[in-house]
>>> print(open('input_29.cif').read())   # mmCIF, C-alpha atoms
data_model
#
loop_
_atom_site.label_atom_id
_atom_site.label_comp_id
_atom_site.auth_asym_id
_atom_site.auth_seq_id
_atom_site.Cartn_x
_atom_site.Cartn_y
_atom_site.Cartn_z
CA MET O 1 119.69 169.99 110.74
CA SER O 2 119.08 167.22 113.25
CA ASP O 3 116.93 165.35 110.72
CA THR O 4 119.55 165.40 107.94
CA PRO O 5 121.49 162.26 108.90
CA PHE O 6 118.25 160.27 109.05
CA GLU O 7 117.10 161.58 105.68
CA GLN O 8 120.45 160.77 104.08
CA ALA O 9 120.54 157.30 105.55
CA ALA O 10 116.99 156.38 104.56
CA PRO O 11 117.64 155.51 100.88
CA ALA O 12 120.54 153.23 101.80
CA ALA O 13 118.39 151.50 104.38
CA GLN O 14 115.60 151.06 101.85
CA SER O 15 118.04 149.63 99.30
CA HIS O 16 119.31 147.16 101.89
CA ARG O 17 115.78 146.06 102.78
CA ALA O 18 115.11 145.51 99.12
CA GLY O 19 118.26 143.40 98.85
CA LEU O 20 119.78 145.73 96.25
CA SER O 21 122.96 146.78 98.01
CA GLY O 22 124.84 146.87 101.31
CA PRO O 23 126.13 144.06 103.58
CA ALA O 24 123.69 141.83 105.46
CA PRO O 25 123.53 142.56 109.18
CA ALA O 26 125.76 140.30 111.26
CA ALA O 27 123.90 137.52 113.06
CA THR O 28 124.11 137.82 116.83
CA MET O 29 123.72 135.51 119.80
CA ARG O 30 123.38 135.72 123.57
CA VAL O 31 126.60 135.16 125.51
CA ALA O 32 127.20 134.87 129.27
CA ARG O 33 130.60 136.26 130.29
CA LEU O 34 132.32 136.35 133.66
CA HIS O 35 133.62 139.91 134.08
CA ALA O 36 134.86 139.64 137.67
CA ILE O 37 134.38 137.43 140.70
CA GLY O 38 130.67 136.71 140.97
CA ASP O 39 129.87 139.00 138.03
CA VAL O 40 128.25 137.12 135.13
CA ARG O 41 126.65 139.29 132.43
CA VAL O 42 124.54 138.23 129.46
CA ALA O 43 124.91 140.29 126.28
CA GLN O 44 124.49 140.11 122.52
CA GLU O 45 127.62 139.35 120.50
CA PRO O 46 128.30 138.34 116.89
CA ARG O 47 127.89 134.66 116.12
CA PRO O 48 131.18 132.85 115.51
CA VAL O 49 132.36 132.14 111.99
CA THR O 50 133.68 128.64 111.34
CA GLY O 51 137.21 128.12 110.13
CA PRO O 52 138.78 125.17 108.29
CA GLY O 53 137.85 121.87 109.90
CA GLU O 54 135.23 123.45 112.17
CA SER O 55 131.47 123.10 112.52
CA LEU O 56 128.94 125.57 113.88
CA VAL O 57 127.20 124.12 116.93
CA ARG O 58 123.97 125.53 118.32
CA VAL O 59 124.45 124.92 122.06
CA THR O 60 121.53 123.20 123.78
CA ALA O 61 122.87 122.43 127.28
CA ILE O 62 125.85 123.42 129.42
CA GLY O 63 126.72 121.90 132.76
CA LEU O 64 128.37 124.00 135.48
CA CYS O 65 131.44 122.21 136.79
CA GLY O 66 133.36 122.65 140.02
CA SER O 67 136.18 124.23 138.03
CA ASP O 68 133.71 126.79 136.63
CA LEU O 69 132.80 127.61 140.22
CA HIS O 70 136.47 128.29 141.01
CA TRP O 71 136.48 130.90 138.24
CA PHE O 72 133.17 132.33 139.47
CA ALA O 73 134.10 132.46 143.17
CA GLN O 74 137.88 132.97 143.10
CA GLY O 75 138.53 134.45 139.67
CA GLY O 76 140.70 131.59 138.45
CA ILE O 77 142.26 128.21 139.10
CA GLY O 78 145.84 127.97 140.33
CA ASP O 79 148.07 130.10 138.11
CA ALA O 80 145.30 130.65 135.54
CA GLN O 81 143.57 133.88 136.51
CA LEU O 82 140.84 136.03 134.98
CA THR O 83 142.48 138.69 132.81
CA ARG O 84 139.52 139.50 130.52
CA PRO O 85 135.79 138.75 130.47
CA LEU O 86 135.58 134.98 129.94
CA VAL O 87 132.83 132.68 128.65
CA LEU O 88 132.86 129.73 131.04
CA GLY O 89 131.47 126.25 130.43
CA HIS O 90 133.23 123.13 129.16
CA GLU O 91 130.47 120.55 129.68
CA PHE O 92 128.28 121.21 126.68
CA ALA O 93 126.28 119.69 123.87
CA GLY O 94 124.35 120.96 120.89
CA VAL O 95 123.17 120.52 117.33
CA VAL O 96 125.38 121.07 114.29
CA GLU O 97 124.12 123.67 111.83
CA GLY O 98 125.47 123.40 108.30
CA GLY O 99 128.24 121.30 106.84
CA PRO O 100 128.40 117.50 106.56
CA LEU O 101 127.05 116.97 110.09
CA ASP O 102 124.08 119.31 109.68
CA GLY O 103 121.33 118.42 112.15
CA GLN O 104 123.47 115.98 114.15
CA ARG O 105 123.15 116.16 117.95
CA VAL O 106 126.62 116.13 119.47
CA ALA O 107 128.56 116.17 122.70
CA VAL O 108 131.53 118.53 122.54
CA ASP O 109 135.01 117.51 123.66
CA PRO O 110 136.25 120.76 125.25
CA ALA O 111 139.97 120.01 124.96
CA ARG O 112 141.90 121.08 121.87
CA PRO O 113 145.37 119.49 122.20
CA CYS O 114 148.15 120.23 119.72
CA GLY O 115 148.36 116.62 118.52
CA ALA O 116 152.09 116.87 117.86
CA CYS O 117 153.88 117.06 121.23
CA GLU O 118 155.42 114.11 123.05
CA GLN O 119 152.43 113.77 125.37
CA CYS O 120 149.89 113.80 122.54
CA LEU O 121 151.88 111.30 120.49
CA GLU O 122 152.07 109.00 123.52
CA GLY O 123 148.27 109.03 123.77
CA ASN O 124 148.20 111.41 126.73
CA ARG O 125 146.32 114.25 125.03
CA ASN O 126 145.01 115.34 128.45
CA LEU O 127 148.59 116.25 129.42
CA CYS O 128 149.34 118.37 126.33
CA PRO O 129 151.20 121.44 127.67
CA THR O 130 149.64 123.76 125.08
CA VAL O 131 146.10 122.37 125.13
CA GLY O 132 143.35 124.91 124.61
CA PHE O 133 140.45 124.18 126.93
CA ALA O 134 136.98 125.66 126.65
CA GLY O 135 136.14 128.15 129.40
CA HIS O 136 139.71 128.34 130.71
CA GLY O 137 142.34 131.06 130.43
CA ALA O 138 141.97 132.83 127.09
CA ASN O 139 139.63 130.22 125.60
CA ASP O 140 135.91 131.01 125.61
CA GLY O 141 133.62 128.13 126.51
CA GLY O 142 130.07 127.00 125.93
CA LEU O 143 127.87 129.47 127.83
CA ARG O 144 126.54 131.00 124.62
CA GLU O 145 124.08 130.14 121.93
CA TYR O 146 126.60 129.17 119.23
CA VAL O 147 130.13 127.78 119.18
CA ALA O 148 132.51 127.11 116.29
CA TRP O 149 134.42 123.94 117.19
CA PRO O 150 136.70 121.39 115.48
CA THR O 151 134.48 118.82 113.79
CA GLU O 152 136.77 116.00 114.93
CA LEU O 153 135.97 116.89 118.56
CA LEU O 154 132.20 116.48 118.12
CA HIS O 155 130.71 113.16 119.18
CA ALA O 156 127.33 112.01 117.90
CA VAL O 157 124.84 111.11 120.63
CA PRO O 158 121.85 108.78 120.29
CA THR O 159 118.29 110.05 120.51
CA SER O 160 117.84 108.13 123.77
CA LEU O 161 120.03 110.74 125.50
CA SER O 162 118.57 114.17 126.28
CA ASP O 163 120.46 117.42 125.75
CA ALA O 164 121.32 117.51 129.45
CA ASP O 165 122.46 113.88 129.28
CA ALA O 166 124.76 114.79 126.39
CA ALA O 167 126.29 117.65 128.40
CA MET O 168 126.82 115.21 131.28
CA LEU O 169 129.07 113.06 129.08
CA GLU O 170 132.01 115.36 129.83
CA PRO O 171 131.94 114.93 133.64
CA LEU O 172 131.21 111.23 133.09
CA GLY O 173 134.33 111.11 130.92
CA VAL O 174 136.37 112.70 133.72
CA ALA O 175 135.05 110.02 136.07
CA VAL O 176 135.83 107.25 133.55
CA HIS O 177 139.43 108.48 133.29
CA ALA O 178 139.81 108.59 137.07
CA HIS O 179 138.33 105.08 137.31
CA ASP O 180 140.83 103.90 134.67
CA LEU O 181 143.68 105.29 136.78
CA GLY O 182 142.38 103.49 139.87
CA LYS O 183 142.27 100.08 138.15
CA PRO O 184 139.88 98.50 140.67
CA ARG O 185 139.64 94.76 140.14
CA ILE O 186 136.39 92.81 140.10
CA GLY O 187 135.41 92.19 143.72
CA ALA O 188 137.35 95.22 144.98
CA ALA O 189 136.37 97.54 147.80
CA VAL O 190 136.16 101.15 146.64
CA ALA O 191 135.61 104.45 148.43
CA VAL O 192 134.36 107.62 146.75
CA ILE O 193 135.04 110.66 148.90
CA GLY O 194 133.00 113.63 147.75
CA CYS O 195 129.67 112.94 146.04
CA GLY O 196 129.20 115.84 143.71
CA PRO O 197 128.42 114.99 140.08
CA ILE O 198 131.80 113.40 139.32
CA GLY O 199 131.76 111.49 142.59
CA LEU O 200 128.26 110.20 141.85
CA CYS O 201 129.44 109.05 138.42
CA LEU O 202 132.34 107.28 140.12
CA VAL O 203 129.93 105.50 142.47
CA GLN O 204 128.05 104.17 139.46
CA LEU O 205 131.22 103.26 137.57
CA ALA O 206 132.57 101.34 140.56
CA ARG O 207 129.32 99.36 140.72
CA ALA O 208 129.33 98.76 136.94
CA GLY O 209 133.00 97.74 137.12
CA GLY O 210 132.36 94.93 139.56
CA ALA O 211 133.29 96.43 142.93
CA ILE O 212 131.87 94.28 145.72
CA THR O 213 131.75 97.15 148.25
CA VAL O 214 131.26 100.81 147.34
CA VAL O 215 131.61 103.26 150.22
CA ALA O 216 130.43 106.84 149.58
CA VAL O 217 131.55 109.62 151.91
CA GLU O 218 129.92 113.04 151.74
CA PRO O 219 129.07 115.82 154.24
CA LEU O 220 125.80 116.93 152.57
CA ALA O 221 122.73 114.83 153.34
CA HIS O 222 121.05 115.22 149.93
CA ARG O 223 124.21 114.05 148.18
CA ARG O 224 124.52 111.09 150.51
CA ALA O 225 120.95 110.18 149.58
CA ALA O 226 121.85 110.44 145.89
CA ALA O 227 124.88 108.19 146.38
CA ALA O 228 122.71 105.56 148.05
CA ALA O 229 120.18 105.77 145.22
CA MET O 230 122.96 105.32 142.67
CA GLY O 231 124.33 102.12 144.15
CA ALA O 232 126.62 102.85 147.08
CA ASP O 233 126.56 99.99 149.60
CA VAL O 234 127.60 102.15 152.53
CA VAL O 235 127.00 105.90 152.78
CA LEU O 236 128.81 107.86 155.48
CA ASP O 237 128.87 111.42 156.75
CA ALA O 238 132.31 112.91 156.09
CA ASP O 239 131.94 115.11 159.18
CA ALA O 240 131.48 112.20 161.58
CA PRO O 241 134.28 112.23 164.19
CA ASP O 242 134.99 108.52 163.71
CA ILE O 243 134.70 108.48 159.92
CA GLU O 244 137.92 106.53 159.31
CA ALA O 245 136.82 103.89 161.80
CA GLN O 246 133.47 103.65 160.02
CA ILE O 247 135.17 103.06 156.67
CA LEU O 248 137.35 100.36 158.19
CA ALA O 249 134.30 98.74 159.77
CA ALA O 250 132.54 98.74 156.38
CA THR O 251 135.47 96.80 154.90
CA GLY O 252 136.02 94.34 157.73
CA GLY O 253 138.98 96.30 159.05
CA ARG O 254 140.89 95.94 155.79
CA GLY O 255 140.44 99.31 154.11
CA VAL O 256 139.58 99.92 150.46
CA ASP O 257 141.58 98.84 147.46
CA VAL O 258 141.02 102.17 145.71
CA ALA O 259 139.99 105.50 147.21
CA PHE O 260 138.75 108.16 144.80
CA GLU O 261 138.94 111.71 146.17
CA ALA O 262 136.48 114.01 144.38
CA ALA O 263 135.98 116.80 146.91
CA GLY O 264 138.98 119.08 146.34
CA ASN O 265 140.08 119.66 149.93
CA ASP O 266 142.83 118.39 152.22
CA ALA O 267 140.39 116.73 154.61
CA ALA O 268 139.10 114.54 151.77
CA VAL O 269 142.63 113.74 150.59
CA GLY O 270 143.65 112.77 154.13
CA LEU O 271 140.56 110.62 154.48
CA ALA O 272 141.34 108.87 151.18
CA VAL O 273 144.85 108.10 152.44
CA GLY O 274 143.42 106.81 155.72
CA ALA O 275 140.78 104.70 153.99
CA ALA O 276 143.12 102.91 151.57
CA ARG O 277 144.51 99.52 152.54
CA PRO O 278 148.28 98.91 152.58
CA GLY O 279 149.40 98.71 148.97
CA GLY O 280 146.22 100.43 147.79
CA ARG O 281 145.68 103.30 145.39
CA VAL O 282 144.47 106.86 145.96
CA ILE O 283 143.22 108.85 142.97
CA LEU O 284 142.97 112.62 143.43
CA ALA O 285 140.30 113.98 141.09
CA GLY O 286 139.17 117.04 143.08
CA ILE O 287 140.45 120.56 142.40
CA PRO O 288 141.42 122.46 145.57
CA ASP O 289 140.53 126.10 146.19
CA ARG O 290 144.18 126.90 146.82
CA ASP O 291 147.03 125.79 144.57
CA ASP O 292 148.36 123.20 146.99
CA THR O 293 147.38 119.85 148.48
CA SER O 294 148.63 118.11 151.61
CA PHE O 295 148.11 114.67 153.13
CA PRO O 296 149.50 112.62 156.06
CA ALA O 297 152.79 111.53 154.53
CA SER O 298 153.72 109.04 157.25
CA VAL O 299 150.47 107.11 156.80
CA ALA O 300 150.83 107.09 153.01
CA ARG O 301 154.48 106.04 153.21
CA ARG O 302 153.94 103.23 155.71
CA LYS O 303 151.10 101.86 153.64
CA GLY O 304 153.16 102.09 150.45
CA LEU O 305 150.28 103.78 148.66
CA THR O 306 150.21 104.67 145.00
CA ILE O 307 148.86 108.21 144.68
CA LYS O 308 147.81 109.46 141.25
CA LEU O 309 146.45 112.81 140.17
CA SER O 310 143.72 112.70 137.55
CA ARG O 311 143.84 115.34 134.80
CA ARG O 312 140.63 115.71 132.79
CA MET O 313 140.30 112.72 130.40
CA LYS O 314 141.73 110.82 127.48
CA GLU O 315 139.78 109.33 124.55
CA VAL O 316 136.80 108.11 126.56
CA TYR O 317 133.77 109.67 124.84
CA ARG O 318 132.90 106.46 122.99
CA ARG O 319 132.78 104.52 126.25
CA SER O 320 130.97 107.29 128.10
CA ILE O 321 128.26 107.44 125.44
CA ALA O 322 127.89 103.66 125.51
CA LEU O 323 127.65 103.58 129.32
CA ALA O 324 125.01 106.31 129.41
CA ALA O 325 123.01 104.92 126.48
CA ALA O 326 122.95 101.44 128.05
CA GLY O 327 121.86 102.83 131.42
CA ARG O 328 124.96 101.53 133.21
CA VAL O 329 125.47 105.10 134.41
CA ASP O 330 122.33 107.15 134.99
CA VAL O 331 123.49 110.65 134.12
CA ALA O 332 119.95 112.07 134.12
CA SER O 333 119.61 111.47 137.86
CA VAL O 334 122.67 113.63 138.51
CA VAL O 335 120.97 116.73 137.06
CA SER O 336 118.99 118.66 139.68
CA HIS O 337 118.50 122.20 138.28
CA THR O 338 118.05 123.78 134.85
CA PHE O 339 118.19 127.51 134.06
CA GLY O 340 117.91 129.55 130.88
CA LEU O 341 120.96 131.44 129.66
CA ASP O 342 119.53 134.77 130.83
CA ARG O 343 119.59 133.35 134.37
CA ALA O 344 123.22 132.21 134.20
CA GLY O 345 124.18 134.29 137.23
CA GLU O 346 121.46 132.63 139.29
CA ALA O 347 122.61 129.23 138.03
CA PHE O 348 126.13 129.92 139.30
CA ALA O 349 124.81 131.04 142.67
CA VAL O 350 122.78 127.83 143.07
CA ALA O 351 125.72 125.68 142.01
CA SER O 352 128.04 127.53 144.41
CA ASP O 353 125.63 126.98 147.30
CA ARG O 354 125.67 123.21 146.58
CA VAL O 355 121.96 122.90 147.25
CA GLY O 356 121.55 120.35 144.47
CA LEU O 357 123.65 118.17 142.21
CA LYS O 358 124.45 119.17 138.60
CA VAL O 359 123.19 122.56 137.43
CA ILE O 360 122.47 122.82 133.70
CA VAL O 361 122.11 125.99 131.65
CA ALA O 362 119.90 125.57 128.57
CA PRO O 363 120.12 128.51 126.11
CA THR O 364 116.76 127.63 124.55
CA SER O 365 114.89 127.62 127.91
#
>>> encode(input="input_29.cif", output="structure tokens")
Amino acid sequence: MSDTPFEQAAPAAQSHRAGLSGPAPAATMRVARLHAIGDVRVAQEPRPVTGPGESLVRVTAIGLCGSDLHWFAQGGIGDAQLTRPLVLGHEFAGVVEGGPLDGQRVAVDPARPCGACEQCLEGNRNLCPTVGFAGHGANDGGLREYVAWPTELLHAVPTSLSDADAAMLEPLGVAVHAHDLGKPRIGAAVAVIGCGPIGLCLVQLARAGGAITVVAVEPLAHRRAAAAAMGADVVLDADAPDIEAQILAATGGRGVDVAFEAAGNDAAVGLAVGAARPGGRVILAGIPDRDDTSFPASVARRKGLTIKLSRRMKEVYRRSIALAAAGRVDVASVVSHTFGLDRAGEAFAVASDRVGLKVIVAPTS
């Protein structure tokens, strides 16, 4: 009796192998999902099916961002919390399979704004209140072998850029948007506080934008060394007891015209406020662990500072690609580790420990 089901199923299986009848087996892919804090699991799932206006992208590289690490270590960001197993990853690139862009290497814009709200129509797509963002909330991201994504959000990349370079275009775009908000003039003094990947991109953008003095502030020695290699004129230890005095000394006692905060903690925000000259600007690009930020209000008020919060990016991919392709921003030097998709959990652990710079996950490795 135990052999009967097998014997009954055999003819159908043979017919399928011969292509005579039965549906083709669904194609699968490897997917890395966050099931709980610190719990990333890799499993086989069906490949996505493209809908109208979408292309199928075979993912070649995914960068792990600080916001991904918030999901990994805290189970969410602010009021967005993990309610189901989530595929993280919004810094990703790949190759289109099928359709009019077949074979094209692309960087993927992870934001899917509505395109019809007041913010979108004003050109502030990054502020769309109903935006769907890869690897956030209910929207699965790029830590998988295949993604179906709107074709209009795929940006062709030149052959001079590697797969990892193409994934780095998203954090570079975040840095470009923050730099736009800061509006540093040619000959300005700029401080970058926090030299993770976005901070290191900001160091390079400040140099490319004509800043005469770029001060990088970072507690980790290997990141300070990276900031120096990428063009910072003065590199300082954020944990030094006289750090504000050192920044003032580096600017002749004047302070900086623009201070970019890219660390995501109150100490960095306070230091940015202290470093800015009277009438200067402070751009907050870091994401804090808790859903609040504080700074010395009396100092900011007396200086008459302009404080802006930077939210992701606008339409900056064209400029980001051009900057990377021309070598004005060296995105390759920001990448320190690469892991295969099956080692995604290890990749998150390394990124969380901040022992390197940008950690890339490559599904084909």
>>> atom_distance(input="input_29.cif", atom1="CA of Cys195 (chain O)", atom2="CA of Asp353 (chain O)")
14.7 Å
>>> residues_around(input="input_29.cif", residues="Pro197 (chain O)", least_positions_apart="6", cutoff="9 Å", atoms="only C-alpha atoms", output="count of residues only")
9
>>> resolve_selection(input="input_29.cif", expression="the PyMOL selection byres ((chain O and resi 296-311) around 9)", output="number ranges by chain")
O: 126-127, 174, 177-178, 181-182, 269-270, 273-274, 276-286, 294-295, 312-314
>>> residues_near_point(input="input_29.cif", point="(131.8, 141.1, 134.1)", cutoff="12 Å", atoms="all atoms listed in the file", output="list in words")
Val31, Ala32, Arg33, Leu34, His35, Ala36, Ile37, Gly38, Asp39, Val40, Arg41, Val42, Ala43, Trp71, Phe72, Gly75, Leu82, Thr83, Arg84, Pro85, Leu86, Val87, Leu88 and Gly345 of chain O
>>> closest_residue(input="input_29.cif", among="O:Val147, O:Leu64, O:Ala272, O:Cys120", to="Glu346 (chain O)", atoms="all atoms listed in the file")
O:Leu64
>>> resolve_selection(input="input_29.cif", expression="the PyMOL selection byres ((chain O and resi 44) around 6)", output="JSON, numbers by chain")
{"O": [29, 30, 43, 45]}
>>> residues_around(input="input_29.cif", residues="region 210-214 of chain O", least_positions_apart="5", cutoff="9 Å", atoms="only C-alpha atoms", output="count of residues only")
19
>>> closest_residue(input="input_29.cif", among="O:Met230, O:Ala167, O:Ala262, O:Cys117", to="Arg207 (chain O)", atoms="only C-alpha atoms")
O:Met230
>>> atom_distance(input="input_29.cif", atom1="CA of Leu248 (chain O)", atom2="CA of His179 (chain O)")
21.4 Å
>>> resolve_selection(input="input_29.cif", expression="the PyMOL selection byres ((chain O and resi 109) around 8)", output="CSV table (one decimal) with C-alpha atoms, keeping the file's coordinate frame")
chain,number,residue,atom,x,y,z
O,107,ALA,CA,128.6,116.2,122.7
O,108,VAL,CA,131.5,118.5,122.5
O,110,PRO,CA,136.2,120.8,125.2
O,111,ALA,CA,140.0,120.0,125.0
O,112,ARG,CA,141.9,121.1,121.9
O,153,LEU,CA,136.0,116.9,118.6
O,154,LEU,CA,132.2,116.5,118.1
O,155,HIS,CA,130.7,113.2,119.2
O,170,GLU,CA,132.0,115.4,129.8
>>> closest_residue(input="input_29.cif", among="O:Val59, O:Val316, O:Ile287, O:Ile321", to="Gly76 (chain O)", atoms="all atoms listed in the file")
O:Ile287
>>> residues_around(input="input_29.cif", residues="Arg319 (chain O)", least_positions_apart="5", cutoff="10 Å", atoms="only C-alpha atoms", output="VMD selection string")
chain O and resid 169 172 to 173 176 324 to 325
>>> atom_distance(input="input_29.cif", atom1="CA of Ile77 (chain O)", atom2="CA of Asp289 (chain O)")
7.6 Å
>>> residues_around(input="input_29.cif", residues="Val57 (chain O)", least_positions_apart="6", cutoff="12 Å", atoms="all atoms listed in the file", output="PyMOL selection string")
chain O and resi 47-50+92-99+101-108+142+144-151+153-155
>>> residues_around(input="input_29.cif", residues="Ala245 (chain O)", least_positions_apart="4", cutoff="12 Å", atoms="all atoms listed in the file", output="ChimeraX atom specification")
/O:236,238,240-241,249-255,271,274-275
>>> decode(input="input_29.cif", residues="region 79-105 of chain O", atoms="N, CA and C atoms", output="PDB file, in the first residue's frame")
ATOM      1  N   ASP O  79       8.807  54.386  14.087  1.00  0.00           N
ATOM      2  CA  ASP O  79       7.514  53.723  14.235  1.00  0.00           C
ATOM      3  C   ASP O  79       7.319  52.575  13.254  1.00  0.00           C
ATOM      4  N   ALA O  80       8.298  52.322  12.396  1.00  0.00           N
ATOM      5  CA  ALA O  80       8.231  51.170  11.486  1.00  0.00           C
ATOM      6  C   ALA O  80       8.919  49.989  12.157  1.00  0.00           C
ATOM      7  N   GLN O  81       8.151  48.972  12.484  1.00  0.00           N
ATOM      8  CA  GLN O  81       8.665  47.832  13.225  1.00  0.00           C
ATOM      9  C   GLN O  81       8.424  46.533  12.448  1.00  0.00           C
ATOM     10  N   LEU O  82       9.250  45.536  12.757  1.00  0.00           N
ATOM     11  CA  LEU O  82       9.176  44.250  12.080  1.00  0.00           C
ATOM     12  C   LEU O  82       7.910  43.514  12.505  1.00  0.00           C
ATOM     13  N   THR O  83       7.013  43.285  11.540  1.00  0.00           N
ATOM     14  CA  THR O  83       5.766  42.578  11.824  1.00  0.00           C
ATOM     15  C   THR O  83       5.666  41.259  11.074  1.00  0.00           C
ATOM     16  N   ARG O  84       6.594  41.021  10.135  1.00  0.00           N
ATOM     17  CA  ARG O  84       6.659  39.771   9.381  1.00  0.00           C
ATOM     18  C   ARG O  84       8.083  39.622   8.890  1.00  0.00           C
ATOM     19  N   PRO O  85       8.504  38.416   8.506  1.00  0.00           N
ATOM     20  CA  PRO O  85       9.857  38.261   7.966  1.00  0.00           C
ATOM     21  C   PRO O  85      10.068  39.195   6.762  1.00  0.00           C
ATOM     22  N   LEU O  86      11.138  39.964   6.800  1.00  0.00           N
ATOM     23  CA  LEU O  86      11.358  41.032   5.823  1.00  0.00           C
ATOM     24  C   LEU O  86      12.675  40.826   5.073  1.00  0.00           C
ATOM     25  N   VAL O  87      12.641  41.030   3.765  1.00  0.00           N
ATOM     26  CA  VAL O  87      13.864  41.046   2.963  1.00  0.00           C
ATOM     27  C   VAL O  87      14.426  42.464   3.007  1.00  0.00           C
ATOM     28  N   LEU O  88      15.576  42.616   3.647  1.00  0.00           N
ATOM     29  CA  LEU O  88      16.201  43.930   3.742  1.00  0.00           C
ATOM     30  C   LEU O  88      16.984  44.240   2.466  1.00  0.00           C
ATOM     31  N   GLY O  89      17.585  45.414   2.427  1.00  0.00           N
ATOM     32  CA  GLY O  89      18.460  45.791   1.330  1.00  0.00           C
ATOM     33  C   GLY O  89      17.824  46.753   0.351  1.00  0.00           C
ATOM     34  N   HIS O  90      18.320  48.006   0.357  1.00  0.00           N
ATOM     35  CA  HIS O  90      17.823  48.995  -0.606  1.00  0.00           C
ATOM     36  C   HIS O  90      18.950  49.584  -1.465  1.00  0.00           C
ATOM     37  N   GLU O  91      20.178  49.183  -1.213  1.00  0.00           N
ATOM     38  CA  GLU O  91      21.297  49.616  -2.045  1.00  0.00           C
ATOM     39  C   GLU O  91      21.663  48.447  -2.961  1.00  0.00           C
ATOM     40  N   PHE O  92      21.055  48.395  -4.146  1.00  0.00           N
ATOM     41  CA  PHE O  92      21.327  47.201  -4.949  1.00  0.00           C
ATOM     42  C   PHE O  92      21.368  47.505  -6.447  1.00  0.00           C
ATOM     43  N   ALA O  93      22.017  46.573  -7.137  1.00  0.00           N
ATOM     44  CA  ALA O  93      22.209  46.676  -8.579  1.00  0.00           C
ATOM     45  C   ALA O  93      22.081  45.291  -9.176  1.00  0.00           C
ATOM     46  N   GLY O  94      21.921  45.241 -10.487  1.00  0.00           N
ATOM     47  CA  GLY O  94      21.788  43.939 -11.123  1.00  0.00           C
ATOM     48  C   GLY O  94      21.786  44.029 -12.635  1.00  0.00           C
ATOM     49  N   VAL O  95      21.306  42.962 -13.247  1.00  0.00           N
ATOM     50  CA  VAL O  95      21.232  42.849 -14.703  1.00  0.00           C
ATOM     51  C   VAL O  95      19.800  42.504 -15.073  1.00  0.00           C
ATOM     52  N   VAL O  96      19.234  43.238 -16.023  1.00  0.00           N
ATOM     53  CA  VAL O  96      17.858  42.990 -16.452  1.00  0.00           C
ATOM     54  C   VAL O  96      17.811  41.718 -17.295  1.00  0.00           C
ATOM     55  N   GLU O  97      16.812  40.884 -17.008  1.00  0.00           N
ATOM     56  CA  GLU O  97      16.601  39.675 -17.794  1.00  0.00           C
ATOM     57  C   GLU O  97      15.233  39.750 -18.460  1.00  0.00           C
ATOM     58  N   GLY O  98      15.249  39.807 -19.795  1.00  0.00           N
ATOM     59  CA  GLY O  98      14.016  39.884 -20.560  1.00  0.00           C
ATOM     60  C   GLY O  98      13.575  41.328 -20.786  1.00  0.00           C
ATOM     61  N   GLY O  99      12.624  41.493 -21.669  1.00  0.00           N
ATOM     62  CA  GLY O  99      12.070  42.807 -21.937  1.00  0.00           C
ATOM     63  C   GLY O  99      13.000  43.693 -22.746  1.00  0.00           C
ATOM     64  N   PRO O 100      12.633  44.965 -22.920  1.00  0.00           N
ATOM     65  CA  PRO O 100      13.416  45.867 -23.773  1.00  0.00           C
ATOM     66  C   PRO O 100      14.805  46.174 -23.236  1.00  0.00           C
ATOM     67  N   LEU O 101      15.023  46.003 -21.937  1.00  0.00           N
ATOM     68  CA  LEU O 101      16.340  46.289 -21.351  1.00  0.00           C
ATOM     69  C   LEU O 101      17.161  45.022 -21.120  1.00  0.00           C
ATOM     70  N   ASP O 102      16.794  43.940 -21.761  1.00  0.00           N
ATOM     71  CA  ASP O 102      17.468  42.658 -21.530  1.00  0.00           C
ATOM     72  C   ASP O 102      18.989  42.786 -21.630  1.00  0.00           C
ATOM     73  N   GLY O 103      19.679  42.335 -20.580  1.00  0.00           N
ATOM     74  CA  GLY O 103      21.136  42.362 -20.561  1.00  0.00           C
ATOM     75  C   GLY O 103      21.742  43.647 -20.039  1.00  0.00           C
ATOM     76  N   GLN O 104      20.915  44.657 -19.764  1.00  0.00           N
ATOM     77  CA  GLN O 104      21.433  45.944 -19.296  1.00  0.00           C
ATOM     78  C   GLN O 104      21.785  45.878 -17.807  1.00  0.00           C
ATOM     79  N   ARG O 105      22.994  46.318 -17.466  1.00  0.00           N
ATOM     80  CA  ARG O 105      23.377  46.450 -16.060  1.00  0.00           C
ATOM     81  C   ARG O 105      22.749  47.731 -15.513  1.00  0.00           C
TER      82      ARG O 105
END
